[in-house]
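See below for the structure under consideration.
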Amino acid sequence: MNDFVETFAEFASALTDAQDFDDTADHLIRYAVDSLGASFGGITLIHTKGRLETTGATDPMVEKVDLAQYELGEGPCVDAATDLRSSVSGSVGHDGRWPRWGPAAEALGVRSVLSADMHGRDRRIGALNLYSTSEDVFMRESVEIAKVLADQSAAVMAAMRAEEGMRAALETRTVIGQAQGMLMERFGLDASQAFSVLRRFSQDNNIRLVDVAGQLVSTRAIP
Amino acid sequence: MTDEHQALIARLAAVLASLHAMDPGALRLCEAGRRMLDADGAALSVASSSQVMVVASTDDLAAQLEDLQETVGEGPSKDALREQSVQVAAFTEHRDGRRSLMHEHGQRIGFTGTMIAVPLRPRDRVIGTLTAYRQDAEAPVDHRTAEFLGVALGTALLQDPALGLTDDLLAEAWSARAEVHQATGMVISQVGVRPEDAMALLRGQAFANGTTLLDVARQIIQRRINFRDFTIEGD
């Protein structure tokens, strides 16, 4: 346990130094894998409409095992990310909770799994997933440790995501406003007509609105 | 955690509790900041590398002082963002050499007193400012309180769904800002300049006429100013 206290102190100070969302995710995964004796690990991110995506995988194997969960719609990281249910298993091939994913994961070489849900205040991040090629690697105590690490990181990651969203929104809206103004001047439109023109062009050409606007402003040419 | 820090947290909690009826949450944070700095007014702004947007202000003068800094391109909020430290600036009858433009323009809108600009830094990066003003230029400013507010309010703004930057709040704050950017776009078309140069023309126009950026933007959108021939119609 003393080891853990030391690891955790080190972990907390690394979190303070993390520069952005991905950096924080990498710190979390690295510490969790090392301190809990996993073979490899990664994070499942939950996006709008429940879409799941793996980030920070320490091994290509993680992507494969995770993808099998997303496709089958079952597995520990699906439980953790969508139902906020953390779980641990020492023998995935014979675990009744995941009758389809378990054997598939075993076929890929995975024996033990640990998934801890991650959420900041009111903002879901997803799940921290640890895998091992040996049986019975993670203890009940490991889940608690993983949850402490995940909770600490989730609060930081939720704030970083909010901050990145805020900055992106400021920049995006600026360039859209400027593009609107160019159309207003060139064609004598009002602001909402100009916005419709931009949106129409974006939809017809399948280019993101912000990219249409950015192109217009930087080239000063109407596409 | 020091006793002093705990006392500041307790005080902030008490102030926020006394404001529980105030909406939206960001205005509550702004008002709490104003009270803790013993100021007459305050504005809360968020910033990216090139943009600043006021999301809450306790009164018109507080918002105007933020707009003014956008117009002249300098001032304590800008310094707080750049230097990542609390800035205190006295605007008295005597000119402050470092912020002479801000000084001159501030006097034109009738402001003398102290401005306290606090960088909001929930972590090591600054996300905006709390800028408070006092009509009184003499009273001392408690830097510890100011620094504490920078962390506490910044964290609440980003992390607390009840107090923070909701989509509605951002959309509303944005609707005023949008006119400035639309006007910038119109000037880009009128004179074929880059966005930053178009913005500089807007600033110059506001400065020369002793008015705000938003006011100039509205005149451009209403087509009362056209930079192409630089005639002001109706004059």
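By convention here, the chains of the structure tokens are called A, B, ... in the order presented, each chain's residues are numbered starting at 1, and ligands are numbered starting at 1 in the order presented.
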Quiz item: Could you list, as a PyMOL selection string, every residue of chain B that has an atom within 7 Å of an atom of chain A, counting only C-alpha atoms?
Solution: chain B and resi 48+51+158-161+178+181-186+188-189
Exercise. Mind listing the alpha helix (DSSP H) residues of region 8-124 of chain A, per DSSP on the backbone, as an NGL selection string?
Key: :A and (8-17 or 21-36 or 60-72 or 76-83 or 101-107)
Would you kindly return, as a PDB file with N, CA and C atoms, in the first residue's frame, each protein, DNA or RNA residue with an atom no farther than 12 Å from any atom of Ala43 (chain B), considering only C-alpha atoms and excluding same-chain residues fewer than 2 positions away?
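Saved file part35.pdb follows:
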```pdb
ATOM      1  N   ALA B  26     -22.993  32.357 -14.054  1.00  0.00           N
ATOM      2  CA  ALA B  26     -21.758  33.105 -14.300  1.00  0.00           C
ATOM      3  C   ALA B  26     -21.856  34.510 -13.709  1.00  0.00           C
ATOM      4  N   LEU B  27     -23.074  35.072 -13.699  1.00  0.00           N
ATOM      5  CA  LEU B  27     -23.264  36.404 -13.106  1.00  0.00           C
ATOM      6  C   LEU B  27     -23.065  36.328 -11.591  1.00  0.00           C
ATOM      7  N   ARG B  28     -23.467  35.198 -11.020  1.00  0.00           N
ATOM      8  CA  ARG B  28     -23.274  34.975  -9.577  1.00  0.00           C
ATOM      9  C   ARG B  28     -21.775  34.960  -9.246  1.00  0.00           C
ATOM     10  N   LEU B  29     -21.013  34.289 -10.080  1.00  0.00           N
ATOM     11  CA  LEU B  29     -19.561  34.243  -9.874  1.00  0.00           C
ATOM     12  C   LEU B  29     -18.960  35.646  -9.980  1.00  0.00           C
ATOM     13  N   CYS B  30     -19.456  36.383 -10.954  1.00  0.00           N
ATOM     14  CA  CYS B  30     -18.956  37.728 -11.214  1.00  0.00           C
ATOM     15  C   CYS B  30     -19.260  38.640 -10.021  1.00  0.00           C
ATOM     16  N   GLU B  31     -20.492  38.585  -9.532  1.00  0.00           N
ATOM     17  CA  GLU B  31     -20.901  39.401  -8.392  1.00  0.00           C
ATOM     18  C   GLU B  31     -20.138  38.996  -7.120  1.00  0.00           C
ATOM     19  N   ALA B  32     -19.932  37.706  -6.952  1.00  0.00           N
ATOM     20  CA  ALA B  32     -19.171  37.233  -5.787  1.00  0.00           C
ATOM     21  C   ALA B  32     -17.743  37.785  -5.853  1.00  0.00           C
ATOM     22  N   GLY B  33     -17.158  37.801  -7.041  1.00  0.00           N
ATOM     23  CA  GLY B  33     -15.823  38.349  -7.230  1.00  0.00           C
ATOM     24  C   GLY B  33     -15.792  39.832  -6.909  1.00  0.00           C
ATOM     25  N   ARG B  34     -16.819  40.547  -7.370  1.00  0.00           N
ATOM     26  CA  ARG B  34     -16.905  41.981  -7.098  1.00  0.00           C
ATOM     27  C   ARG B  34     -16.912  42.237  -5.586  1.00  0.00           C
ATOM     28  N   ALA B  39     -15.215  45.875  -4.777  1.00  0.00           N
ATOM     29  CA  ALA B  39     -15.227  46.729  -5.963  1.00  0.00           C
ATOM     30  C   ALA B  39     -16.640  47.254  -6.231  1.00  0.00           C
ATOM     31  N   ASP B  40     -16.714  48.255  -7.136  1.00  0.00           N
ATOM     32  CA  ASP B  40     -18.016  48.823  -7.484  1.00  0.00           C
ATOM     33  C   ASP B  40     -18.684  48.070  -8.628  1.00  0.00           C
ATOM     34  N   GLY B  41     -17.861  47.402  -9.428  1.00  0.00           N
ATOM     35  CA  GLY B  41     -18.438  46.643 -10.534  1.00  0.00           C
ATOM     36  C   GLY B  41     -17.415  45.641 -11.026  1.00  0.00           C
ATOM     37  N   SER B  45     -14.806  37.612 -18.306  1.00  0.00           N
ATOM     38  CA  SER B  45     -14.609  37.373 -19.737  1.00  0.00           C
ATOM     39  C   SER B  45     -13.879  36.063 -19.965  1.00  0.00           C
ATOM     40  N   VAL B  46     -14.168  35.409 -21.078  1.00  0.00           N
ATOM     41  CA  VAL B  46     -13.381  34.248 -21.472  1.00  0.00           C
ATOM     42  C   VAL B  46     -12.564  34.637 -22.699  1.00  0.00           C
ATOM     43  N   VAL B  52     -11.646  37.781 -27.122  1.00  0.00           N
ATOM     44  CA  VAL B  52     -12.100  37.967 -25.745  1.00  0.00           C
ATOM     45  C   VAL B  52     -13.607  38.186 -25.804  1.00  0.00           C
ATOM     46  N   MET B  53     -14.333  37.564 -24.892  1.00  0.00           N
ATOM     47  CA  MET B  53     -15.779  37.725 -24.891  1.00  0.00           C
ATOM     48  C   MET B  53     -16.283  37.865 -23.456  1.00  0.00           C
ATOM     49  N   VAL B  54     -17.047  38.927 -23.216  1.00  0.00           N
ATOM     50  CA  VAL B  54     -17.614  39.141 -21.884  1.00  0.00           C
ATOM     51  C   VAL B  54     -18.793  38.191 -21.703  1.00  0.00           C
ATOM     52  N   VAL B  55     -18.773  37.374 -20.656  1.00  0.00           N
ATOM     53  CA  VAL B  55     -19.897  36.462 -20.425  1.00  0.00           C
ATOM     54  C   VAL B  55     -20.815  36.936 -19.302  1.00  0.00           C
ATOM     55  N   ALA B  56     -20.330  37.829 -18.464  1.00  0.00           N
ATOM     56  CA  ALA B  56     -21.191  38.372 -17.411  1.00  0.00           C
ATOM     57  C   ALA B  56     -20.606  39.688 -16.928  1.00  0.00           C
ATOM     58  N   SER B  57     -21.484  40.642 -16.573  1.00  0.00           N
ATOM     59  CA  SER B  57     -20.996  41.883 -15.976  1.00  0.00           C
ATOM     60  C   SER B  57     -22.040  42.387 -14.994  1.00  0.00           C
ATOM     61  N   THR B  58     -21.571  43.009 -13.911  1.00  0.00           N
ATOM     62  CA  THR B  58     -22.497  43.454 -12.872  1.00  0.00           C
ATOM     63  C   THR B  58     -23.161  44.781 -13.237  1.00  0.00           C
ATOM     64  N   ASP B  59     -22.557  45.540 -14.169  1.00  0.00           N
ATOM     65  CA  ASP B  59     -23.143  46.827 -14.572  1.00  0.00           C
ATOM     66  C   ASP B  59     -22.563  47.249 -15.911  1.00  0.00           C
ATOM     67  N   ASP B  60     -23.098  48.311 -16.487  1.00  0.00           N
ATOM     68  CA  ASP B  60     -22.672  48.742 -17.820  1.00  0.00           C
ATOM     69  C   ASP B  60     -21.226  49.215 -17.856  1.00  0.00           C
ATOM     70  N   LEU B  61     -20.818  49.946 -16.820  1.00  0.00           N
ATOM     71  CA  LEU B  61     -19.454  50.474 -16.830  1.00  0.00           C
ATOM     72  C   LEU B  61     -18.419  49.345 -16.853  1.00  0.00           C
ATOM     73  N   ALA B  62     -18.687  48.282 -16.100  1.00  0.00           N
ATOM     74  CA  ALA B  62     -17.750  47.148 -16.075  1.00  0.00           C
ATOM     75  C   ALA B  62     -17.602  46.553 -17.474  1.00  0.00           C
ATOM     76  N   ALA B  63     -18.737  46.404 -18.178  1.00  0.00           N
ATOM     77  CA  ALA B  63     -18.704  45.852 -19.532  1.00  0.00           C
ATOM     78  C   ALA B  63     -18.011  46.824 -20.483  1.00  0.00           C
ATOM     79  N   GLN B  64     -18.296  48.120 -20.287  1.00  0.00           N
ATOM     80  CA  GLN B  64     -17.698  49.153 -21.141  1.00  0.00           C
ATOM     81  C   GLN B  64     -16.172  49.187 -21.010  1.00  0.00           C
ATOM     82  N   LEU B  65     -15.691  48.996 -19.786  1.00  0.00           N
ATOM     83  CA  LEU B  65     -14.236  49.014 -19.570  1.00  0.00           C
ATOM     84  C   LEU B  65     -13.569  47.838 -20.277  1.00  0.00           C
ATOM     85  N   GLU B  66     -14.273  46.714 -20.389  1.00  0.00           N
ATOM     86  CA  GLU B  66     -13.734  45.577 -21.131  1.00  0.00           C
ATOM     87  C   GLU B  66     -13.714  45.901 -22.620  1.00  0.00           C
ATOM     88  N   ASP B  67     -14.812  46.460 -23.096  1.00  0.00           N
ATOM     89  CA  ASP B  67     -14.918  46.820 -24.509  1.00  0.00           C
ATOM     90  C   ASP B  67     -13.836  47.848 -24.886  1.00  0.00           C
ATOM     91  N   SER B  77      -6.738  44.030 -18.235  1.00  0.00           N
ATOM     92  CA  SER B  77      -7.216  42.668 -18.532  1.00  0.00           C
ATOM     93  C   SER B  77      -6.289  41.996 -19.538  1.00  0.00           C
ATOM     94  N   MET B 115      -8.535  49.732 -11.556  1.00  0.00           N
ATOM     95  CA  MET B 115      -8.990  48.489 -12.185  1.00  0.00           C
ATOM     96  C   MET B 115      -8.132  47.339 -11.653  1.00  0.00           C
ATOM     97  N   ILE B 116      -8.829  46.240 -11.320  1.00  0.00           N
ATOM     98  CA  ILE B 116      -8.138  45.054 -10.819  1.00  0.00           C
ATOM     99  C   ILE B 116      -8.455  43.928 -11.795  1.00  0.00           C
ATOM    100  N   ALA B 117      -7.438  43.439 -12.489  1.00  0.00           N
ATOM    101  CA  ALA B 117      -7.677  42.372 -13.466  1.00  0.00           C
ATOM    102  C   ALA B 117      -7.057  41.073 -12.951  1.00  0.00           C
ATOM    103  N   VAL B 118      -7.909  40.059 -12.814  1.00  0.00           N
ATOM    104  CA  VAL B 118      -7.483  38.777 -12.251  1.00  0.00           C
ATOM    105  C   VAL B 118      -7.533  37.706 -13.335  1.00  0.00           C
ATOM    106  N   LEU B 120      -8.164  34.221 -14.788  1.00  0.00           N
ATOM    107  CA  LEU B 120      -8.877  33.018 -14.348  1.00  0.00           C
ATOM    108  C   LEU B 120      -8.033  31.831 -14.778  1.00  0.00           C
ATOM    109  N   GLY B 128      -9.424  33.270 -19.058  1.00  0.00           N
ATOM    110  CA  GLY B 128     -10.147  34.531 -19.154  1.00  0.00           C
ATOM    111  C   GLY B 128      -9.782  35.418 -17.981  1.00  0.00           C
ATOM    112  N   THR B 129     -10.614  36.433 -17.729  1.00  0.00           N
ATOM    113  CA  THR B 129     -10.308  37.346 -16.627  1.00  0.00           C
ATOM    114  C   THR B 129     -11.559  37.726 -15.845  1.00  0.00           C
ATOM    115  N   LEU B 130     -11.346  38.072 -14.596  1.00  0.00           N
ATOM    116  CA  LEU B 130     -12.334  38.799 -13.799  1.00  0.00           C
ATOM    117  C   LEU B 130     -11.740  40.192 -13.672  1.00  0.00           C
ATOM    118  N   THR B 131     -12.452  41.190 -14.204  1.00  0.00           N
ATOM    119  CA  THR B 131     -11.925  42.547 -14.132  1.00  0.00           C
ATOM    120  C   THR B 131     -12.882  43.425 -13.338  1.00  0.00           C
ATOM    121  N   ALA B 132     -12.399  43.910 -12.192  1.00  0.00           N
ATOM    122  CA  ALA B 132     -13.241  44.719 -11.313  1.00  0.00           C
ATOM    123  C   ALA B 132     -12.751  46.157 -11.331  1.00  0.00           C
ATOM    124  N   TYR B 133     -13.656  47.085 -11.056  1.00  0.00           N
ATOM    125  CA  TYR B 133     -13.215  48.483 -10.948  1.00  0.00           C
ATOM    126  C   TYR B 133     -13.735  49.089  -9.644  1.00  0.00           C
TER     127      TYR B 133
END
```
Quiz item: Leaving out region 202-204 of chain B and any residue of its chain fewer than 6 positions from it, which residues lie within 9 Å of it when counting only C-alpha atoms, given as a ChimeraX atom specification?
Solution: /B:70-73,180,183-184,187,212-213,216-217
Save out the residues we just selected, C-alpha atoms, as a PDB file, in the first residue's frame.
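Full text of selection-v7.pdb as output:
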```pdb
ATOM      1  CA  GLU B  70     -10.632  45.752 -26.992  1.00  0.00           C
ATOM      2  CA  THR B  71     -10.887  49.117 -28.725  1.00  0.00           C
ATOM      3  CA  VAL B  72      -7.501  50.457 -27.692  1.00  0.00           C
ATOM      4  CA  GLY B  73      -5.814  47.050 -27.654  1.00  0.00           C
ATOM      5  CA  VAL B 180     -18.307  42.934 -34.402  1.00  0.00           C
ATOM      6  CA  ALA B 183     -18.733  44.119 -39.413  1.00  0.00           C
ATOM      7  CA  THR B 184     -15.114  42.966 -39.678  1.00  0.00           C
ATOM      8  CA  VAL B 187     -14.765  45.742 -43.994  1.00  0.00           C
ATOM      9  CA  THR B 212     -17.320  51.464 -28.583  1.00  0.00           C
ATOM     10  CA  LEU B 213     -16.413  48.725 -31.029  1.00  0.00           C
ATOM     11  CA  VAL B 216     -19.055  51.114 -34.787  1.00  0.00           C
ATOM     12  CA  ALA B 217     -19.940  47.550 -35.814  1.00  0.00           C
TER      13      ALA B 217
END
```
Exercise. Once DSSP has gone over the backbone, tell me which residues of region 35-220 of chain B are in strand (DSSP E or B), as a PyMOL selection string.
Key: chain B and resi 41-47+52-57+87-91+113-120+128-134
Output for the residues just chosen: C-alpha atoms as a short mmCIF file (atom, residue, chain, number, x, y, z; two decimals), in the first residue's frame:
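Saved result, result-v2.cif, follows:
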```cif
data_model
loop_
_atom_site.label_atom_id
_atom_site.label_comp_id
_atom_site.auth_asym_id
_atom_site.auth_seq_id
_atom_site.Cartn_x
_atom_site.Cartn_y
_atom_site.Cartn_z
CA GLY B 41 -18.44 46.64 -10.53
CA ALA B 42 -16.93 43.62 -12.30
CA ALA B 43 -16.98 41.75 -15.61
CA LEU B 44 -16.16 38.12 -16.33
CA SER B 45 -14.61 37.37 -19.74
CA VAL B 46 -13.38 34.25 -21.47
CA ALA B 47 -10.53 34.36 -23.96
CA VAL B 52 -12.10 37.97 -25.74
CA MET B 53 -15.78 37.72 -24.89
CA VAL B 54 -17.61 39.14 -21.88
CA VAL B 55 -19.90 36.46 -20.42
CA ALA B 56 -21.19 38.37 -17.41
CA SER B 57 -21.00 41.88 -15.98
CA GLN B 87 -2.85 43.49 -12.47
CA VAL B 88 -3.82 46.60 -10.57
CA ALA B 89 -3.94 49.88 -12.46
CA ALA B 90 -4.82 53.31 -11.14
CA PHE B 91 -6.53 55.68 -13.54
CA GLY B 113 -10.35 54.90 -10.18
CA THR B 114 -8.68 51.51 -9.94
CA MET B 115 -8.99 48.49 -12.19
CA ILE B 116 -8.14 45.05 -10.82
CA ALA B 117 -7.68 42.37 -13.47
CA VAL B 118 -7.48 38.78 -12.25
CA PRO B 119 -6.47 35.96 -14.64
CA LEU B 120 -8.88 33.02 -14.35
CA GLY B 128 -10.15 34.53 -19.15
CA THR B 129 -10.31 37.35 -16.63
CA LEU B 130 -12.33 38.80 -13.80
CA THR B 131 -11.93 42.55 -14.13
CA ALA B 132 -13.24 44.72 -11.31
CA TYR B 133 -13.22 48.48 -10.95
CA ARG B 134 -13.37 50.86 -8.01
#
```
Self-check item: d(CA of Ser39 (chain A), CA of Tyr131 (chain A)) in Å
Solution: 5.9 Å
Quiz prompt | Atom pair CA of Ala206 (chain B) / CA of Arg223 (chain B): separation (Å) | solution = 15.7 Å
Practice problem: Would you list the contacts of Leu84 (chain A) as an MDAnalysis selection string, taking every protein, DNA or RNA residue within 10 Å and counting only C-alpha atoms, but skipping same-chain residues closer than 2 positions in sequence? | Solution: chainID A and resid 77:82 86:87 115:119 124 126:127
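The coordinates place CA of Gln6 (chain B) at 21.1 Å from CA of His20 (chain B).
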Self-check item: Near-Ala152 (chain B) list (10 Å; only C-alpha atoms; drop same-chain fewer than 5 positions) as a list in words
Solution: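 In the requested format, the answer is Leu8, Ile9, Leu12, Leu29, Gly33, Leu120, Arg121, Pro122, Ala146, Glu147 and Leu157 of chain B.
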Residue selection dump (C-alpha atoms) as a CSV table (one decimal), in the first residue's frame:
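Saved the output as part-v9.csv:
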```
chain,number,residue,atom,x,y,z
B,8,LEU,CA,-11.2,32.5,1.6
B,9,ILE,CA,-13.1,29.4,0.6
B,12,LEU,CA,-16.6,32.7,-1.1
B,29,LEU,CA,-19.6,34.2,-9.9
B,33,GLY,CA,-15.8,38.3,-7.2
B,120,LEU,CA,-8.9,33.0,-14.3
B,121,ARG,CA,-6.6,30.0,-14.2
B,122,PRO,CA,-8.3,26.8,-13.1
B,146,ALA,CA,-7.5,38.2,-6.1
B,147,GLU,CA,-5.2,35.2,-6.8
B,157,LEU,CA,-16.7,28.4,-14.6
```
Self-check item: Residues within 9 Å of region 62-66 of chain A, only C-alpha atoms, excluding chain neighbours under 3 positions, as JSON, numbers by chain
Solution: {"A": [40, 41, 42, 44, 53, 54, 55, 57, 58, 59, 69, 70, 71, 75, 77, 78, 101, 104, 105, 108, 110, 129, 130, 131]}
